[in-house]
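Novice: Sharing a structure, written as structure tokens. Questions coming.
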Amino acid sequence: MASRTSKTFLSLGRINIPLLGFNKSSGKVKYATALSINSSSGNKGEFHCHYKGIYAGEPRTGKMPVDQDWTAVYPAAAPFRPGSIPLPVRMGYPVKGGIPPEKKGNLELIKIPNFLHLTPAAIKKHCEALKPFCTEWPSALETDTKCDEHFPIKLESKEYVSAGPSLRNPSARIVHLRVKLSSLNLDDHARKKMIKLIGERYCKNTDVLTIKTDSCPLRQQNYDYAMYLLTVLYHESWKTEVWEAEKTVADMEDYSWEDSPSQKNILDVLLRMKVAGEGDGEEVRQQLLGRKDVQDYKDSVTRLKNEGESESSMLQYKEAVKKVFNM
Amino acid sequence: MASLMVRRRELFSLARILSGVSYLGPASLSVCSGHRKCNITRLHLPLTPSTSFHTTVLTSAAQSAITVTEEPDTLFQKLVVLVKGHDRAVLDSYEFFATMTAKELGISLGKVFEPPKDIERLTLLKSIHIFKKHRVQYEMRTHYRCIELHHITGCTAQVYLEYIQRNLPEGVAMEVTKTAMEKVPDHILEPMWKEIPTDDKPSQ
């Protein structure tokens, strides 16, 4: 009995094809199943379960009105039920010269996650219910610059959702704290000391300090630790220790022209050229320093040393030297 | 499923603190559909008719309004949701769902793009013993989708993320990167010793 019905189904499968082709070409949108053919396998037809002897009846799809509430058919995530979905879906690799198998008893359709419970109508309903729990973004903080001005500290953390033997992801405890040093209250000495203290964590181009904390097991603990580090750095950079007076020229962050070999050299050269006319003396040096071309020379040398060599800085240096030597 | 339970419990406790909605006991109902059991949180709202959700009606004594507490809301400058899966079609549908939800809830969407996929390939021996020349190759493809949201408050972020995560399909993983903004804390505005003139600078 079973083999006969299976052979009938197989034959059905094969016979179906030209019929379906016929349907398509005739332009009718017809809900096609194997229904269209057969009456040879028993008087009760398709809906007779051959091993249980039960008459199941027509699947629900035949009785669904067109304007039904789909959110009632699929209110939550559920596997694909061919009897509840009035669509002629086909899925799977076709046999040679054939078409993909139909939805009835199709494992491929059951395996793949479906979004039948998340149709646009359902999403709208859910969002309507969720709206009262949402809050508005403050209108004063429209642009990013305003956000940075009022809320300069940025805390970044990640959350992970995945299936596995455990819910927890140890990477979720990591916290990154980013803050621009210009938004903290630091004077000149404090800023330089802070940059020396933080070292690698400072990005010179964007003036951003990044503190990454992952030593504690919980995110809240890492956040507290990051804020603690920021507080300590801030207070330490405001303190001036006794040994900081021993800062040498090699420790300086920026090149300063005063008391540098470049200044001595230019003054010596100018004195030898006897530009001022008199002999050597402190006030003569001061007078020479006050001259505009010496100031220009100072600017160009400082720029070269701080910013590095480039077309414009070399040109500026050349112009300054020419002016000093009246060329 | 267990992860969703944890999140729901978190939402419950946090929701009680932040919004003061009173829930009746566990206040969840199961809808048995097919082989899977899903938990839907019943939201007590004065407006929603229960028939639209096709759920059983719980008798509630009084419908509580949503209260607002004084605790300041966190502000997220950026929220990046990265979903990973083996099937591109599933991620397409999920992206449609997530973007539509963001629009409905009024969240400003940034970029929605598809980072290039990763393919991990292995070459193994086909036979259990000898036949070194005959191998079989497998590959695992991981597709990604990235959705960026800007200027979102803590409450809205919680609501959106919980909704998105509850409806995450099987076989899809998610990674959320949150960038919160904060003011400079009060103890960093001025060095501590400036306010207390009598104290000397503590030398460490």
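Please note that chains go A, B, ... in the order of the structure tokens, that every chain numbers its residues from 1, and that ligands are numbered from 1 in the order shown.
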Give as a count of residues only every residue of chain B that touches chain A within 6 Å, counting only C-alpha atoms.

Specialist: 17

Novice: Atom CA of Leu289 of chain A to atom CA of Val249 of chain A: how many Å, to one decimal?

Specialist: 21.3 Å

Novice: Need the shell around segment 92-100 of chain B: protein/DNA/RNA residues with any atom at most 12 Å away, counting only C-alpha atoms. Skip same-chain ones fewer than 6 positions apart. Format as a PyMOL selection string?

Specialist: (chain A and resi 113-127) or (chain B and resi 81-86+106-114+143-149+160-170+172-174)

Novice: Could you tell me, as a PyMOL selection string, which residues of segment 43-273 of chain A DSSP assigns to alpha helix (DSSP H) when given the backbone?

Specialist: chain A and resi 70-73+107-111+120-130+144-150+188-198+219-238+261-272

Novice: Report the distance between atom CA of Ile266 of chain A and atom CA of Val294 of chain A in Å, rounded to one decimal place.

Specialist: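 Going from atom CA of Ile266 of chain A over to atom CA of Val294 of chain A, I get 8.1 Å.
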